[in-house]
Amino acid sequence: MAPEIAKDIFLVGINNPDGRDFHGISTPRGGSYNSYLIKDEKPTLIDATNTKFTEKYLESLRSIINPEKIKYIIINHAENDHTGAIVDIKKACPNAKIVCTKKCMEFVKAAFNLQAEFIITEEVNSINIGQRNINFIIQPMIHWPETMMTYIKEDKILFSCDLFGTEISHESIFADEMQPFVELTRDYFTAVMRPFAFSVIKAIEKIKDLELKILAPSHGPVYRKNINSIIEYYKKLATEPEENKVMILYYSIWEDTEKIAQRIKENLSKQNKNVVMYNIYNSNWVELMAQSLTSKVLVVGSLTIISDYHPLFNAFFSYIKWNNQKNKKVFAYGTYGWVSASTNKLASKLTELEYDVIDILDLRFGPVTSEDYKKIDTFSNKILSIIDD
Ligand code: FEO
């Protein structure tokens with residue numbers, strides 16, 4: 001039986017504890033694709049699921065209602081995780097009208113050839129389903145151009161779809177009953193929302209005067225306590241995500257750049273600074289973006305290979321560019337054997353990406369002599385002087 005999150009409002013979506021990847025995000029605690037059923041005079045569904053889970057979804061729905069009784073299916077967002085199965089779900093709900101934005105109608109017709117009677121939210125603003133009025137808060141780019149949120153004043157519930165989501169399975173339905181998951185929220189935000197931070201800010205502004213007893217996103221747990229904490233965390237990630245943290249990102253073949261990374265990390269850690277360190281070769285790209293987003297200082301190091309830095313960094317640079325990360329203080333270092341190249345090219349690329357390159361360090365064959373280690377220590381002290389600010 002699908003759980004009831006408020007009187008006559010049921011969570012009928014999919015819990016997927018075995019999912020380990022979503023949108024490029026590593027999801028060690030699984031995922032969830034929430035959909036909600038409101039049992040009223042005109043039963044209404046909010047969001048759906050994707051094709052992988054159609055049968056499981058319909059089973060959950062049928063545990064509380066005959067789908068033929070459903071009168072409205074509200075689509076907050078046309079992306080496949082919420083609407084991939086919409087044609088089959090609509091078939092199971094033959095008496096339902098589809099309620100969505102004009103752009104969303106265009107998308108679901110184009111993506112799924114959905115044949116249905118549509119109610120366009122720009123034209124109605126709200127619909128009455130019996131005891132409740134369902135209100136629509138249209139905000140494009142709270143992931144895609146067609147997105148909106150749905151609010152029920154009578155229950156003081158906001159269904160925010162991707163916004164305020166976390167990709168995590170329902171260890172419990174409610175956030176206040178779950179173990180902390182802030183890093184998963186950070187990673188989800190970075191991959192899904194960060195490129196559209198400007199829309200997140202607009203959406204938060206639009207909902208700021210709403211009375212909220214429950215916040216029900218379409219990914220992760222439902223919020224019924226400290227609702228403001230998730231809203232404020234999203235706001236922070238959209239506006240001032242940096243913590244007093246240093247991220248070291250390197251690539252190494254013969255351990256030279258790795259030894260430098262280790263020495264810098266030791267130097268900073270001795271001063272009790274918060275340092276995270278990654279080898280770009282075997283790291284999840286969303287985690288790298290999330291860590292760089294939330295770091296005050298970046299330290300980037302590569303060996304020289306074919307007169308350049310390692311090409312893996314080009315992917316990282318593309319990611320941070322579309323993630324709209326710039327104006328961060330950065331230190332570039334590198335090693336070389338035949339001819340010096342990687343350090344200056346890293347610095348040049350980072351400058352082009354509108355990062356503030358504070359200093360560089362270039363060592364031939366890596367740290368070999370005590371003089372080399374002194375240079376690394378001096379370099380570390382410059383990093384410390386930034387993080388101490
Ligand atoms: Fe959860 Fe943008 O889809």
# chains A, B, ... in the order shown; residues from 1 in each chain; ligands from 1
>>> residues_near_ligand(ligand="ligand 1", cutoff="10 Å", atoms="only C-alpha atoms and all ligand atoms", output="PyMOL selection string")
chain A and resi 22-23+32-34+47+49+76-83+141-144+147+161-163+165-167+188+192-193+217-219
>>> select_by_dssp(residues="range 122-255 of chain A", states="helix (DSSP H, G or I)", output="VMD selection string")
chain A and resid 122 to 124 175 to 177 182 to 207 227 to 239
>>> closest_residue(among="A:Val300, A:Ile207, A:Leu212, A:Met105", to="Leu350 in chain A", atoms="only C-alpha atoms")
A:Val300
>>> atom_distance(atom1="CA of Ile89 in chain A", atom2="CA of Ile137 in chain A")
24.1 Å
>>> residues_around(residues="range 327-331 of chain A", least_positions_apart="6", cutoff="7 Å", atoms="only C-alpha atoms", output="list in words")
Lys296, Val297, Leu298, Val299, Val300, Glu354, Tyr355, Asp356, Val357, Ile358, Asp359 and Ile360 of chain A
>>> select_by_dssp(residues="range 19-78 of chain A", states="strand (DSSP E or B)", output="PDB file with N, CA and C atoms, in the first residue's frame")
ATOM      1  N   ASP A  21      23.294   5.037 -10.283  1.00  0.00           N
ATOM      2  CA  ASP A  21      23.685   6.139 -11.153  1.00  0.00           C
ATOM      3  C   ASP A  21      22.430   6.871 -11.608  1.00  0.00           C
ATOM      4  N   PHE A  22      22.479   8.196 -11.563  1.00  0.00           N
ATOM      5  CA  PHE A  22      21.379   9.008 -12.074  1.00  0.00           C
ATOM      6  C   PHE A  22      21.960  10.308 -12.609  1.00  0.00           C
ATOM      7  N   ILE A  25      25.282  11.120 -11.719  1.00  0.00           N
ATOM      8  CA  ILE A  25      25.567  11.212 -10.283  1.00  0.00           C
ATOM      9  C   ILE A  25      25.737   9.808  -9.731  1.00  0.00           C
ATOM     10  N   SER A  26      26.784   9.600  -8.955  1.00  0.00           N
ATOM     11  CA  SER A  26      26.929   8.342  -8.241  1.00  0.00           C
ATOM     12  C   SER A  26      25.926   8.340  -7.083  1.00  0.00           C
ATOM     13  N   GLY A  31      17.915   5.631  -5.441  1.00  0.00           N
ATOM     14  CA  GLY A  31      17.186   6.793  -5.949  1.00  0.00           C
ATOM     15  C   GLY A  31      15.693   6.633  -5.766  1.00  0.00           C
ATOM     16  N   SER A  32      14.965   7.702  -6.079  1.00  0.00           N
ATOM     17  CA  SER A  32      13.502   7.643  -5.999  1.00  0.00           C
ATOM     18  C   SER A  32      12.902   8.619  -6.997  1.00  0.00           C
ATOM     19  N   TYR A  33      11.723   8.237  -7.522  1.00  0.00           N
ATOM     20  CA  TYR A  33      11.012   9.025  -8.529  1.00  0.00           C
ATOM     21  C   TYR A  33       9.601   9.171  -8.000  1.00  0.00           C
ATOM     22  N   TYR A  36       2.591  11.588  -6.829  1.00  0.00           N
ATOM     23  CA  TYR A  36       1.636  11.724  -5.726  1.00  0.00           C
ATOM     24  C   TYR A  36       0.212  11.604  -6.249  1.00  0.00           C
ATOM     25  N   LEU A  37      -0.606  10.913  -5.474  1.00  0.00           N
ATOM     26  CA  LEU A  37      -2.030  10.798  -5.795  1.00  0.00           C
ATOM     27  C   LEU A  37      -2.828  11.566  -4.749  1.00  0.00           C
ATOM     28  N   ILE A  38      -3.705  12.445  -5.227  1.00  0.00           N
ATOM     29  CA  ILE A  38      -4.598  13.168  -4.310  1.00  0.00           C
ATOM     30  C   ILE A  38      -5.995  12.599  -4.493  1.00  0.00           C
ATOM     31  N   THR A  44      -6.463  13.043  -8.566  1.00  0.00           N
ATOM     32  CA  THR A  44      -5.440  13.718  -9.379  1.00  0.00           C
ATOM     33  C   THR A  44      -4.065  13.122  -9.107  1.00  0.00           C
ATOM     34  N   LEU A  45      -3.342  12.888 -10.181  1.00  0.00           N
ATOM     35  CA  LEU A  45      -1.953  12.429 -10.066  1.00  0.00           C
ATOM     36  C   LEU A  45      -1.015  13.601 -10.324  1.00  0.00           C
ATOM     37  N   ILE A  46       0.069  13.637  -9.555  1.00  0.00           N
ATOM     38  CA  ILE A  46       1.107  14.643  -9.830  1.00  0.00           C
ATOM     39  C   ILE A  46       2.392  13.913 -10.183  1.00  0.00           C
ATOM     40  N   TYR A  72      -7.307  13.896 -13.435  1.00  0.00           N
ATOM     41  CA  TYR A  72      -6.234  14.777 -13.919  1.00  0.00           C
ATOM     42  C   TYR A  72      -4.865  14.119 -13.679  1.00  0.00           C
ATOM     43  N   ILE A  73      -3.997  14.287 -14.646  1.00  0.00           N
ATOM     44  CA  ILE A  73      -2.574  13.959 -14.438  1.00  0.00           C
ATOM     45  C   ILE A  73      -1.806  15.262 -14.647  1.00  0.00           C
ATOM     46  N   ILE A  74      -1.216  15.746 -13.566  1.00  0.00           N
ATOM     47  CA  ILE A  74      -0.438  16.989 -13.644  1.00  0.00           C
ATOM     48  C   ILE A  74       1.014  16.619 -13.951  1.00  0.00           C
TER      49      ILE A  74
END
>>> atom_distance(atom1="CA of Leu184 in chain A", atom2="CA of Gly30 in chain A")
10.4 Å
>>> residues_around(residues="range 335-345 of chain A", least_positions_apart="4", cutoff="12 Å", atoms="only C-alpha atoms", output="VMD selection string")
chain A and resid 250 to 261 299 to 311 313 to 314 331 349 to 352 357 359 to 368 372
>>> closest_residue(among="A:Glu122, A:Pro43, A:Glu146, A:Val222", to="Met178 in chain A", atoms="only C-alpha atoms")
A:Val222
>>> residues_around(residues="Met1 in chain A", least_positions_apart="6", cutoff="10 Å", atoms="only C-alpha atoms", output="list in words")
Phe10, Leu11, Val12, Glu59, Ser60, Leu61, Arg62, Ser63 and Ile64 of chain A
>>> write_last_selection(atoms="N, CA and C atoms", output="mmCIF file, in the first residue's frame")
data_model
loop_
_atom_site.group_PDB
_atom_site.id
_atom_site.type_symbol
_atom_site.label_atom_id
_atom_site.label_comp_id
_atom_site.auth_asym_id
_atom_site.auth_seq_id
_atom_site.Cartn_x
_atom_site.Cartn_y
_atom_site.Cartn_z
ATOM 1 N N PHE A 10 -1.185 10.515 -1.288
ATOM 2 C CA PHE A 10 -0.362 9.301 -1.226
ATOM 3 C C PHE A 10 0.871 9.431 -2.112
ATOM 4 N N LEU A 11 1.957 8.841 -1.620
ATOM 5 C CA LEU A 11 3.181 8.756 -2.417
ATOM 6 C C LEU A 11 3.104 7.463 -3.228
ATOM 7 N N VAL A 12 2.905 7.597 -4.541
ATOM 8 C CA VAL A 12 2.732 6.404 -5.377
ATOM 9 C C VAL A 12 3.928 6.182 -6.309
ATOM 10 N N GLU A 59 1.126 -0.788 -10.216
ATOM 11 C CA GLU A 59 0.786 -1.654 -9.068
ATOM 12 C C GLU A 59 0.611 -0.804 -7.813
ATOM 13 N N SER A 60 1.541 0.150 -7.623
ATOM 14 C CA SER A 60 1.455 1.046 -6.461
ATOM 15 C C SER A 60 0.176 1.882 -6.524
ATOM 16 N N LEU A 61 -0.116 2.376 -7.724
ATOM 17 C CA LEU A 61 -1.312 3.209 -7.903
ATOM 18 C C LEU A 61 -2.588 2.409 -7.627
ATOM 19 N N ARG A 62 -2.622 1.190 -8.183
ATOM 20 C CA ARG A 62 -3.834 0.363 -8.026
ATOM 21 C C ARG A 62 -4.041 -0.089 -6.588
ATOM 22 N N SER A 63 -2.974 -0.006 -5.761
ATOM 23 C CA SER A 63 -3.128 -0.420 -4.358
ATOM 24 C C SER A 63 -4.040 0.546 -3.603
ATOM 25 N N ILE A 64 -4.272 1.729 -4.192
ATOM 26 C CA ILE A 64 -5.144 2.683 -3.488
ATOM 27 C C ILE A 64 -6.291 3.226 -4.326
#
>>> atom_distance(atom1="CA of Ala347 in chain A", atom2="CA of Ile386 in chain A")
17.4 Å
>>> residues_around(residues="Ser283 in chain A", least_positions_apart="3", cutoff="12 Å", atoms="only C-alpha atoms", output="PyMOL selection string")
chain A and resi 24-26+249-251+277-280+286-291+312-313+316
>>> write_last_selection(atoms="N, CA, C and O atoms", output="compact mmCIF listing (two decimals), in the first residue's frame")
# COMPACT_ATOMS: atom_id res chain seq x y z
N GLY A 24 24.42 10.90 -14.27
CA GLY A 24 25.86 10.97 -14.07
C GLY A 24 26.27 11.04 -12.61
O GLY A 24 27.46 11.03 -12.28
N ILE A 25 25.28 11.12 -11.72
CA ILE A 25 25.57 11.21 -10.28
C ILE A 25 25.74 9.81 -9.73
O ILE A 25 24.91 8.93 -9.99
N SER A 26 26.78 9.60 -8.96
CA SER A 26 26.93 8.34 -8.24
C SER A 26 25.93 8.34 -7.08
O SER A 26 25.87 9.29 -6.30
N LEU A 249 43.31 18.70 -7.37
CA LEU A 249 42.95 17.79 -8.45
C LEU A 249 44.19 17.57 -9.30
O LEU A 249 44.77 18.53 -9.81
N TYR A 250 44.58 16.31 -9.47
CA TYR A 250 45.83 16.06 -10.19
C TYR A 250 45.69 14.85 -11.11
O TYR A 250 44.74 14.07 -10.99
N TYR A 251 46.64 14.74 -12.02
CA TYR A 251 46.79 13.50 -12.79
C TYR A 251 48.27 13.14 -12.80
O TYR A 251 49.13 14.00 -12.98
N MET A 277 41.19 15.80 -1.95
CA MET A 277 42.16 15.54 -3.01
C MET A 277 41.64 14.44 -3.93
O MET A 277 41.14 13.42 -3.45
N TYR A 278 41.76 14.64 -5.23
CA TYR A 278 41.26 13.66 -6.20
C TYR A 278 42.27 13.45 -7.31
O TYR A 278 42.87 14.41 -7.81
N ASN A 279 42.43 12.19 -7.72
CA ASN A 279 43.09 11.87 -8.98
C ASN A 279 42.02 11.89 -10.06
O ASN A 279 41.03 11.15 -9.98
N ILE A 280 42.17 12.76 -11.04
CA ILE A 280 41.11 12.95 -12.04
C ILE A 280 40.82 11.66 -12.80
O ILE A 280 39.72 11.46 -13.32
N VAL A 286 30.63 14.21 -11.41
CA VAL A 286 29.72 15.06 -10.64
C VAL A 286 30.33 15.39 -9.28
O VAL A 286 30.25 16.53 -8.79
N GLU A 287 30.97 14.40 -8.68
CA GLU A 287 31.62 14.66 -7.38
C GLU A 287 32.73 15.70 -7.54
O GLU A 287 32.86 16.61 -6.71
N LEU A 288 33.48 15.61 -8.63
CA LEU A 288 34.52 16.62 -8.87
C LEU A 288 33.91 18.01 -9.02
O LEU A 288 34.39 18.99 -8.44
N MET A 289 32.82 18.09 -9.78
CA MET A 289 32.17 19.40 -9.97
C MET A 289 31.61 19.93 -8.66
O MET A 289 31.68 21.12 -8.37
N ALA A 290 31.01 19.02 -7.87
CA ALA A 290 30.41 19.45 -6.60
C ALA A 290 31.49 19.91 -5.63
O ALA A 290 31.31 20.91 -4.91
N GLN A 291 32.61 19.20 -5.62
CA GLN A 291 33.69 19.61 -4.72
C GLN A 291 34.32 20.93 -5.18
O GLN A 291 34.64 21.79 -4.35
N LEU A 312 42.49 14.62 -19.96
CA LEU A 312 41.36 14.43 -19.05
C LEU A 312 40.90 15.74 -18.44
O LEU A 312 39.73 15.92 -18.11
N PHE A 313 41.84 16.68 -18.28
CA PHE A 313 41.45 17.97 -17.69
C PHE A 313 40.51 18.76 -18.60
O PHE A 313 39.74 19.58 -18.13
N PHE A 316 37.07 18.06 -17.51
CA PHE A 316 36.79 18.80 -16.27
C PHE A 316 36.53 20.27 -16.56
O PHE A 316 35.58 20.87 -16.04
>>> residues_around(residues="Ile201 in chain A", least_positions_apart="4", cutoff="12 Å", atoms="only C-alpha atoms", output="compact mmCIF listing (two decimals) with C-alpha atoms, in the first residue's frame")
# COMPACT_ATOMS: atom_id res chain seq x y z
CA GLN A 139 9.05 28.62 -13.35
CA PRO A 140 10.99 27.65 -16.45
CA MET A 141 14.45 26.10 -16.03
CA ILE A 142 14.03 24.45 -12.69
CA LEU A 163 13.61 21.48 -7.25
CA PHE A 164 14.64 20.64 -3.65
CA MET A 193 20.30 22.55 -10.95
CA ARG A 194 23.57 24.46 -10.83
CA PRO A 195 23.58 25.46 -14.53
CA PHE A 196 20.16 27.04 -13.83
CA ALA A 197 20.96 28.65 -10.50
CA GLU A 205 11.50 34.05 -4.48
CA LYS A 206 8.15 32.93 -5.90
CA ILE A 207 7.44 30.52 -3.04
CA LYS A 208 8.77 32.64 -0.19
CA ILE A 231 15.26 25.67 0.75
CA GLU A 232 18.13 27.58 2.37
CA TYR A 233 20.66 24.93 1.34
CA TYR A 234 19.51 25.19 -2.27
CA LYS A 235 19.76 28.97 -2.03
CA LYS A 236 23.28 28.74 -0.66
CA LEU A 237 24.39 26.39 -3.44
CA ALA A 238 22.82 28.72 -6.02
CA THR A 239 24.38 31.91 -4.63
CA GLU A 240 27.33 31.38 -2.25
>>> closest_residue(among="A:Cys104, A:Lys273, A:Glu242, A:Leu268", to="Gln325 in chain A", atoms="only C-alpha atoms")
A:Glu242
